[in-house]
Amino acid sequence: MNQFLSAGAAGSGVLLLASAALPVTAAQVPAGVTLNPAQQMVINNGTEVATLDPQKNQGVPESNVMVNLLESLVGTDNQGRLVPGVAESWQQQQFKVWTFTLRDDAKWSNGDPVTAADFVWSWQRLGDPKTASPYASLLHDAHLLNADAVIAGKLPVSELGMKALDDRHLQVTLSAPVPWFLAMAANTALSPVHRKTVEQWGDKWTLPEHYVGNGAYRLSQWVVNEKIVVTRNPHYWNNATTVIEQGTFLPIASSSSAINRYLSGEIDMTEGAQPPERFAQLKKDLGSQVHVNPLLCTFLYQLNSGRPPFNDQRVRTAVKMTLDRDVIANRIMGQGQIPAYSLTPPFTRGASLSPPAWFGLSQAERNQQARALLAEAGYGAANPLRFSLLYNTSDVNQKQAIAAASMWKKNLGAEVTLQNQEWKTSLDTVRQGQYDAARATWCGDYNDPASFLTMMLSHSSSNTFFYRSPAFDQLMQQSLTAGDDAARAAIYQQAERQLDNDSALVPVYYRVSARLIKPWVGGFTGRDPADLTNLKYYYLTQH
């Protein structure tokens with residue numbers, strides 16, 4: 001989903017301290033630049049958010065907003081580099097025991113101090129079965145001591161491997177060495193929430209009149225299907241360096257509508273997906289206002305292995321092979337997307353992937369093998385394969401879904417019914433397993449293959465594919481004890497090969513972000529692989 005940093009080499013007793021040498025934590029306005037008198041920025045977020053509760057979130061649109069309202073122990077800057085957050089320093093022992101020192105001036109938006117106990121309670125809330133968090137498995141993936149037993153309800157949340165040594169010192173104990181744990185700690189799901197507010201208001205704590213956060217901004221307005229407005233938080237520890245006074249996030253699902261409002265001057269920055277049919281003209285007309293940047297994200301179609309017809313590996317393989325990803329990536333999208341053969345983008349740090357054999361075949365050869373597999377599974381002209389394809393409402397998603405259905409009809413004889421739902425509804429449908437195939441994008445939470453692969457573990461709360469493979473689970477367990485980065489990369493390759501052999505998903509392409517950004521927006525670098533809209537790094541020049 002959200003944050004990135006490369007995994008380091010194993011070691012022991014290393015002291016990691018925040019210092020001036022680390023990346024910046026705020027907007028950097030160049031000398032001689034004249035700022036606009038009104039520092040109010042409007043961004044299209046592409047959809048109505050499903051939640052503003054970090055422990056109940058699973059989506060990027062939500063994180064785009066919450067990164068402004070809440071701050072984790074650490075964060076990432078506008079180039080994707082790890083930066084201090086609430087924690088001003090930290091140390092670790094054998095990558096298993098991590099101790100964080102919190103800032104003494106970290107405060108909630110109501111003026112209360114942010115303490116180590118706030119993080120303990122919030123992470124316990126994430127793992128509490130009563131919360132039913134879709135991201136509870138992050139605690140497992142981070143290997144917090146007793147995480148599995150806590151998530152399963154076999155141990156009380158108080159047994160989770162963390163404790164407040166005092167108000168300013170938080171100690172986290174892992175059951176295995178995790179060199180990239182620091183990057184995981186930047187995840188939105190591990191942001192703290194204000195305990196008194198949550199306990200007082202329950203699910204209604206996220207309403208603007210109740211919301212208490214610790215980020216650079218406060219929640220000012222939330223008008224469903226219209227806008228979310230955030231304003232500067234005067235209690236934020238680094239508020240003096242914040243430039244943008246107000247940010248407005250719009251939930252416009254139609255990229256064409258967003259473009260029109262951008263052209264009319266109502267929007268400063270669009271979402272990262274542009275309609276393919278307008279892209280060439282946009283580049284011609286707007287030039288440098290079109291920003292295309294790589295993302296650590298894979299666009300895919302997930303298959304529900306838990307029910308027919310996709311509980312049959314032969315059917316999943318046939319559907320995987322007959323999708324012409326070259327056409328979708330290069331002709332339909334045509335913005336720099338790369339046809340995909342894996343869940344993990346091959347340019348992920350720590351990955352050394354080679355394509356499977358089928359990826360080197362022509363589409364005609366793939367189709368021939370796929371039809372044979374489908375016939376073996378009992379499908380043919382007299383009994384065509386039938387399934388539904390779910391996608392969340394969006395112009396681009398619809399265009400891709402229509403193309404995919406057409407390919408499966410032509411290449412496989414399949415009858416595909418298209419189904420579209422709003423973002424929040426589609427998330428619920430997929431989590432409940434009430435789908436056959438569904439459009440999805442998985443973005444890494446940190447820059448390591450584990451951020452992608454752990455989603456497919458049998459027990460993962462993010463595994464809405466309902467894929468179960470003891471062999472895959474064992475490989476991922478082995479990756480934790482690999483002797484070095486090369487050994488770990490080899491295990492990741494085996495894990496990817498297992499996913500491919502099982503045809504657990506249909507990779508389509510590795511994504512890019514294509515935003516329209518006004519010339520007066522400063523602070524956008526295009527080098528953040530998460531592409532989050534963190535307002536504290538932006539500023540508006542005079543225009």
# chains A, B, ... in the order shown; residues from 1 in each chain; ligands from 1
call {"tool": "select_by_dssp", "arguments": {"residues": "segment 192-393 of chain A", "states": "alpha helix (DSSP H)", "output": "NGL selection string"}}
result
:A and (195-201 or 255-263 or 276-286 or 313-321 or 325-326 or 363-376)
call {"tool": "write_last_selection", "arguments": {"atoms": "N, CA and C atoms", "output": "compact mmCIF listing (two decimals), in the first residue's frame"}}
result
# COMPACT_ATOMS: atom_id res chain seq x y z
N ARG A 195 -6.76 7.45 22.05
CA ARG A 195 -7.56 6.44 22.75
C ARG A 195 -8.86 7.00 23.31
N LYS A 196 -8.80 8.12 24.03
CA LYS A 196 -10.01 8.67 24.65
C LYS A 196 -11.07 8.99 23.61
N THR A 197 -10.63 9.50 22.46
CA THR A 197 -11.58 9.86 21.41
C THR A 197 -12.24 8.63 20.83
N VAL A 198 -11.45 7.60 20.55
CA VAL A 198 -12.00 6.36 19.99
C VAL A 198 -12.96 5.71 20.98
N GLU A 199 -12.57 5.67 22.25
CA GLU A 199 -13.43 5.03 23.24
C GLU A 199 -14.70 5.83 23.49
N GLN A 200 -14.63 7.14 23.37
CA GLN A 200 -15.81 7.97 23.60
C GLN A 200 -16.81 7.89 22.45
N TRP A 201 -16.30 7.90 21.21
CA TRP A 201 -17.19 8.04 20.06
C TRP A 201 -17.36 6.78 19.23
N SER A 255 -12.11 10.18 -14.50
CA SER A 255 -10.89 10.92 -14.81
C SER A 255 -11.14 11.99 -15.85
N SER A 256 -12.09 11.78 -16.75
CA SER A 256 -12.43 12.80 -17.75
C SER A 256 -13.01 14.03 -17.07
N SER A 257 -13.88 13.81 -16.08
CA SER A 257 -14.45 14.94 -15.33
C SER A 257 -13.36 15.67 -14.56
N ALA A 258 -12.42 14.89 -13.98
CA ALA A 258 -11.32 15.51 -13.24
C ALA A 258 -10.45 16.37 -14.15
N ILE A 259 -10.20 15.88 -15.36
CA ILE A 259 -9.39 16.65 -16.32
C ILE A 259 -10.08 17.95 -16.66
N ASN A 260 -11.37 17.88 -16.91
CA ASN A 260 -12.12 19.09 -17.27
C ASN A 260 -12.07 20.13 -16.15
N ARG A 261 -12.16 19.67 -14.92
CA ARG A 261 -12.09 20.59 -13.79
C ARG A 261 -10.67 21.11 -13.58
N TYR A 262 -9.69 20.27 -13.93
CA TYR A 262 -8.29 20.73 -13.89
C TYR A 262 -8.08 21.84 -14.92
N LEU A 263 -8.58 21.60 -16.12
CA LEU A 263 -8.40 22.59 -17.19
C LEU A 263 -9.11 23.90 -16.89
N PRO A 276 -6.83 6.78 -21.28
CA PRO A 276 -5.88 6.50 -22.36
C PRO A 276 -6.17 7.26 -23.65
N GLU A 277 -7.46 7.42 -23.97
CA GLU A 277 -7.81 8.06 -25.23
C GLU A 277 -7.48 9.55 -25.26
N ARG A 278 -7.22 10.12 -24.10
CA ARG A 278 -6.91 11.55 -24.05
C ARG A 278 -5.44 11.83 -23.72
N PHE A 279 -4.69 10.75 -23.43
CA PHE A 279 -3.35 10.94 -22.91
C PHE A 279 -2.42 11.65 -23.89
N ALA A 280 -2.41 11.21 -25.13
CA ALA A 280 -1.50 11.81 -26.12
C ALA A 280 -1.81 13.29 -26.30
N GLN A 281 -3.09 13.63 -26.34
CA GLN A 281 -3.47 15.04 -26.51
C GLN A 281 -3.11 15.86 -25.27
N LEU A 282 -3.25 15.26 -24.09
CA LEU A 282 -2.87 15.96 -22.87
C LEU A 282 -1.38 16.29 -22.87
N LYS A 283 -0.56 15.32 -23.29
CA LYS A 283 0.88 15.56 -23.35
C LYS A 283 1.19 16.67 -24.36
N LYS A 284 0.47 16.68 -25.46
CA LYS A 284 0.70 17.69 -26.49
C LYS A 284 0.29 19.08 -26.00
N ASP A 285 -0.87 19.14 -25.34
CA ASP A 285 -1.41 20.43 -24.92
C ASP A 285 -0.79 20.96 -23.63
N LEU A 286 -0.47 20.06 -22.70
CA LEU A 286 -0.04 20.49 -21.37
C LEU A 286 1.45 20.33 -21.11
N GLN A 313 -6.97 -25.20 -10.67
CA GLN A 313 -5.74 -24.54 -11.12
C GLN A 313 -5.68 -24.47 -12.64
N ARG A 314 -6.25 -25.45 -13.34
CA ARG A 314 -6.22 -25.44 -14.81
C ARG A 314 -7.02 -24.27 -15.36
N VAL A 315 -8.13 -23.97 -14.73
CA VAL A 315 -8.95 -22.85 -15.17
C VAL A 315 -8.24 -21.53 -14.91
N ARG A 316 -7.64 -21.42 -13.73
CA ARG A 316 -6.90 -20.19 -13.41
C ARG A 316 -5.77 -19.96 -14.40
N THR A 317 -5.06 -21.02 -14.75
CA THR A 317 -3.94 -20.90 -15.69
C THR A 317 -4.43 -20.49 -17.07
N ALA A 318 -5.54 -21.07 -17.50
CA ALA A 318 -6.09 -20.72 -18.82
C ALA A 318 -6.47 -19.25 -18.89
N VAL A 319 -7.08 -18.75 -17.84
CA VAL A 319 -7.49 -17.34 -17.80
C VAL A 319 -6.25 -16.44 -17.74
N LYS A 320 -5.25 -16.84 -16.97
CA LYS A 320 -4.00 -16.06 -16.88
C LYS A 320 -3.34 -15.94 -18.25
N MET A 321 -3.25 -17.03 -18.98
CA MET A 321 -2.49 -17.05 -20.23
C MET A 321 -3.21 -16.35 -21.39
N ARG A 325 -1.88 -9.04 -22.13
CA ARG A 325 -1.42 -7.91 -21.32
C ARG A 325 -0.65 -6.87 -22.14
N ASP A 326 -0.06 -7.29 -23.28
CA ASP A 326 0.62 -6.32 -24.14
C ASP A 326 -0.36 -5.30 -24.68
N GLN A 363 1.17 -14.82 -28.14
CA GLN A 363 -0.17 -14.91 -27.60
C GLN A 363 -0.94 -16.08 -28.19
N ALA A 364 -0.68 -16.37 -29.46
CA ALA A 364 -1.35 -17.51 -30.12
C ALA A 364 -0.94 -18.82 -29.44
N GLU A 365 0.34 -18.95 -29.10
CA GLU A 365 0.81 -20.17 -28.43
C GLU A 365 0.21 -20.28 -27.03
N ARG A 366 0.12 -19.15 -26.33
CA ARG A 366 -0.50 -19.15 -25.01
C ARG A 366 -1.96 -19.60 -25.11
N ASN A 367 -2.66 -19.06 -26.10
CA ASN A 367 -4.08 -19.39 -26.27
C ASN A 367 -4.27 -20.89 -26.52
N GLN A 368 -3.40 -21.45 -27.35
CA GLN A 368 -3.51 -22.87 -27.68
C GLN A 368 -3.35 -23.74 -26.43
N GLN A 369 -2.34 -23.45 -25.64
CA GLN A 369 -2.12 -24.22 -24.41
C GLN A 369 -3.28 -24.02 -23.43
N ALA A 370 -3.80 -22.80 -23.36
CA ALA A 370 -4.88 -22.49 -22.42
C ALA A 370 -6.16 -23.23 -22.79
N ARG A 371 -6.48 -23.30 -24.08
CA ARG A 371 -7.70 -24.00 -24.51
C ARG A 371 -7.63 -25.49 -24.19
N ALA A 372 -6.41 -26.04 -24.30
CA ALA A 372 -6.24 -27.45 -23.97
C ALA A 372 -6.46 -27.68 -22.47
N LEU A 373 -5.96 -26.79 -21.65
CA LEU A 373 -6.16 -26.89 -20.21
C LEU A 373 -7.63 -26.77 -19.86
N LEU A 374 -8.31 -25.85 -20.50
CA LEU A 374 -9.73 -25.63 -20.21
C LEU A 374 -10.56 -26.84 -20.61
N ALA A 375 -10.22 -27.44 -21.76
CA ALA A 375 -10.93 -28.65 -22.19
C ALA A 375 -10.71 -29.78 -21.19
N GLU A 376 -9.49 -29.88 -20.69
CA GLU A 376 -9.17 -30.89 -19.69
C GLU A 376 -9.99 -30.70 -18.42
call {"tool": "residues_around", "arguments": {"residues": "segment 85-89 of chain A", "least_positions_apart": "4", "cutoff": "6 Å", "atoms": "only C-alpha atoms", "output": "number ranges by chain"}}
result
A: 17-18, 72-75, 100-103
call {"tool": "atom_distance", "arguments": {"atom1": "atom CA of Pro339 of chain A", "atom2": "atom CA of Val508 of chain A"}}
result
5.9 Å
call {"tool": "residues_around", "arguments": {"residues": "segment 105-120 of chain A", "least_positions_apart": "5", "cutoff": "9 Å", "atoms": "only C-alpha atoms", "output": "ChimeraX atom specification"}}
result
/A:72-73,86-87,100,125,158,160,162-171,190-195,211-218,233-238
call {"tool": "write_last_selection", "arguments": {"atoms": "N, CA and C atoms", "output": "mmCIF file, in the first residue's frame"}}
result
data_model
loop_
_atom_site.group_PDB
_atom_site.id
_atom_site.type_symbol
_atom_site.label_atom_id
_atom_site.label_comp_id
_atom_site.auth_asym_id
_atom_site.auth_seq_id
_atom_site.Cartn_x
_atom_site.Cartn_y
_atom_site.Cartn_z
ATOM 1 N N SER A 72 3.121 8.359 11.898
ATOM 2 C CA SER A 72 3.653 7.141 12.505
ATOM 3 C C SER A 72 4.994 7.429 13.181
ATOM 4 N N LEU A 73 5.610 6.391 13.707
ATOM 5 C CA LEU A 73 6.929 6.537 14.325
ATOM 6 C C LEU A 73 7.929 7.124 13.339
ATOM 7 N N VAL A 86 7.129 10.630 14.603
ATOM 8 C CA VAL A 86 6.994 10.885 16.034
ATOM 9 C C VAL A 86 8.277 10.479 16.756
ATOM 10 N N ALA A 87 8.945 9.468 16.252
ATOM 11 C CA ALA A 87 10.212 9.047 16.854
ATOM 12 C C ALA A 87 11.346 9.930 16.332
ATOM 13 N N PHE A 100 12.394 2.938 20.383
ATOM 14 C CA PHE A 100 12.151 4.252 19.780
ATOM 15 C C PHE A 100 12.060 5.322 20.870
ATOM 16 N N ARG A 125 -4.842 -2.470 19.148
ATOM 17 C CA ARG A 125 -6.145 -2.336 18.497
ATOM 18 C C ARG A 125 -6.112 -2.932 17.093
ATOM 19 N N SER A 158 -2.584 -7.593 25.291
ATOM 20 C CA SER A 158 -1.501 -7.131 26.153
ATOM 21 C C SER A 158 -0.229 -7.958 25.970
ATOM 22 N N LEU A 160 1.025 -8.738 23.035
ATOM 23 C CA LEU A 160 1.716 -8.352 21.805
ATOM 24 C C LEU A 160 3.102 -7.817 22.159
ATOM 25 N N MET A 162 5.286 -5.562 22.491
ATOM 26 C CA MET A 162 5.650 -4.146 22.584
ATOM 27 C C MET A 162 5.254 -3.612 23.950
ATOM 28 N N LYS A 163 5.995 -2.601 24.404
ATOM 29 C CA LYS A 163 5.647 -1.992 25.680
ATOM 30 C C LYS A 163 6.203 -0.579 25.756
ATOM 31 N N ALA A 164 5.531 0.235 26.557
ATOM 32 C CA ALA A 164 5.993 1.592 26.818
ATOM 33 C C ALA A 164 6.927 1.548 28.012
ATOM 34 N N LEU A 165 8.205 1.851 27.771
ATOM 35 C CA LEU A 165 9.164 1.882 28.881
ATOM 36 C C LEU A 165 8.902 3.081 29.778
ATOM 37 N N ASP A 166 8.480 4.165 29.135
ATOM 38 C CA ASP A 166 7.981 5.371 29.815
ATOM 39 C C ASP A 166 7.253 6.164 28.741
ATOM 40 N N ASP A 167 6.875 7.390 29.019
ATOM 41 C CA ASP A 167 6.090 8.162 28.041
ATOM 42 C C ASP A 167 6.802 8.359 26.710
ATOM 43 N N ARG A 168 8.131 8.406 26.741
ATOM 44 C CA ARG A 168 8.877 8.750 25.534
ATOM 45 C C ARG A 168 9.644 7.586 24.926
ATOM 46 N N HIS A 169 9.549 6.413 25.508
ATOM 47 C CA HIS A 169 10.335 5.289 24.985
ATOM 48 C C HIS A 169 9.440 4.074 24.743
ATOM 49 N N LEU A 170 9.465 3.611 23.498
ATOM 50 C CA LEU A 170 8.660 2.468 23.065
ATOM 51 C C LEU A 170 9.599 1.340 22.664
ATOM 52 N N GLN A 171 9.355 0.156 23.205
ATOM 53 C CA GLN A 171 10.164 -1.003 22.843
ATOM 54 C C GLN A 171 9.302 -2.032 22.111
ATOM 55 N N LEU A 190 -0.078 1.524 11.145
ATOM 56 C CA LEU A 190 0.636 1.606 12.411
ATOM 57 C C LEU A 190 0.677 3.025 12.957
ATOM 58 N N SER A 191 -0.122 3.902 12.381
ATOM 59 C CA SER A 191 -0.274 5.245 12.946
ATOM 60 C C SER A 191 -1.034 5.149 14.268
ATOM 61 N N PRO A 192 -0.753 6.056 15.194
ATOM 62 C CA PRO A 192 -1.486 6.020 16.459
ATOM 63 C C PRO A 192 -2.858 6.674 16.332
ATOM 64 N N VAL A 193 -3.774 6.251 17.168
ATOM 65 C CA VAL A 193 -5.068 6.935 17.282
ATOM 66 C C VAL A 193 -5.228 7.390 18.733
ATOM 67 N N HIS A 194 -6.071 8.390 18.925
ATOM 68 C CA HIS A 194 -6.262 8.988 20.252
ATOM 69 C C HIS A 194 -7.259 8.145 21.041
ATOM 70 N N ARG A 195 -6.761 7.452 22.049
ATOM 71 C CA ARG A 195 -7.562 6.444 22.745
ATOM 72 C C ARG A 195 -8.862 7.001 23.309
ATOM 73 N N TYR A 211 -12.684 14.137 15.285
ATOM 74 C CA TYR A 211 -11.377 13.600 14.881
ATOM 75 C C TYR A 211 -10.230 14.282 15.619
ATOM 76 N N VAL A 212 -9.400 13.470 16.261
ATOM 77 C CA VAL A 212 -8.169 13.940 16.901
ATOM 78 C C VAL A 212 -7.011 13.169 16.284
ATOM 79 N N GLY A 213 -6.112 13.891 15.604
ATOM 80 C CA GLY A 213 -4.963 13.255 14.980
ATOM 81 C C GLY A 213 -3.678 13.878 15.483
ATOM 82 N N ASN A 214 -2.555 13.365 14.987
ATOM 83 C CA ASN A 214 -1.259 13.915 15.387
ATOM 84 C C ASN A 214 -0.422 14.337 14.193
ATOM 85 N N GLY A 215 -1.065 14.466 13.022
ATOM 86 C CA GLY A 215 -0.350 14.828 11.806
ATOM 87 C C GLY A 215 -0.251 16.324 11.608
ATOM 88 N N ALA A 216 0.273 16.712 10.468
ATOM 89 C CA ALA A 216 0.478 18.127 10.164
ATOM 90 C C ALA A 216 -0.832 18.862 9.911
ATOM 91 N N TYR A 217 -1.927 18.108 9.716
ATOM 92 C CA TYR A 217 -3.216 18.728 9.402
ATOM 93 C C TYR A 217 -4.325 18.147 10.264
ATOM 94 N N ARG A 218 -5.396 18.927 10.392
ATOM 95 C CA ARG A 218 -6.595 18.498 11.109
ATOM 96 C C ARG A 218 -7.725 18.288 10.112
ATOM 97 N N ASN A 233 -2.518 21.928 11.438
ATOM 98 C CA ASN A 233 -2.643 21.585 12.854
ATOM 99 C C ASN A 233 -1.623 22.407 13.645
ATOM 100 N N PRO A 234 -2.066 23.408 14.399
ATOM 101 C CA PRO A 234 -1.119 24.273 15.121
ATOM 102 C C PRO A 234 -0.328 23.541 16.200
ATOM 103 N N HIS A 235 -0.799 22.352 16.611
ATOM 104 C CA HIS A 235 -0.103 21.597 17.648
ATOM 105 C C HIS A 235 0.947 20.634 17.080
ATOM 106 N N TYR A 236 1.025 20.529 15.736
ATOM 107 C CA TYR A 236 1.989 19.618 15.126
ATOM 108 C C TYR A 236 3.410 20.082 15.445
ATOM 109 N N TRP A 237 4.281 19.166 15.790
ATOM 110 C CA TRP A 237 5.627 19.514 16.263
ATOM 111 C C TRP A 237 6.430 20.315 15.230
ATOM 112 N N ASN A 238 6.135 20.119 13.946
ATOM 113 C CA ASN A 238 6.889 20.800 12.892
ATOM 114 C C ASN A 238 6.014 21.794 12.132
#
call {"tool": "residues_around", "arguments": {"residues": "segment 299-308 of chain A", "least_positions_apart": "5", "cutoff": "8 Å", "atoms": "only C-alpha atoms", "output": "list of chain:residue names"}}
result
A:Arg316, A:Gly433, A:Tyr435, A:Asp436, A:Ala437, A:Ala438, A:Arg439, A:Ala440, A:Thr441, A:Trp442, A:Thr464, A:Phe465, A:Phe466, A:Tyr467, A:Ala504, A:Leu505, A:Val506, A:Pro507, A:Val508, A:Tyr509, A:Tyr510, A:Arg511
call {"tool": "residues_around", "arguments": {"residues": "Gln478 of chain A", "least_positions_apart": "3", "cutoff": "12 Å", "atoms": "only C-alpha atoms", "output": "list of chain:residue names"}}
result
A:Ala176, A:Ala450, A:Ala471, A:Phe472, A:Asp473, A:Gln474, A:Leu475, A:Thr481, A:Ala482, A:Gly483, A:Asp484, A:Ala487, A:Arg488, A:Ala489, A:Ala490, A:Ile491, A:Tyr492, A:Gln494, A:Ala495
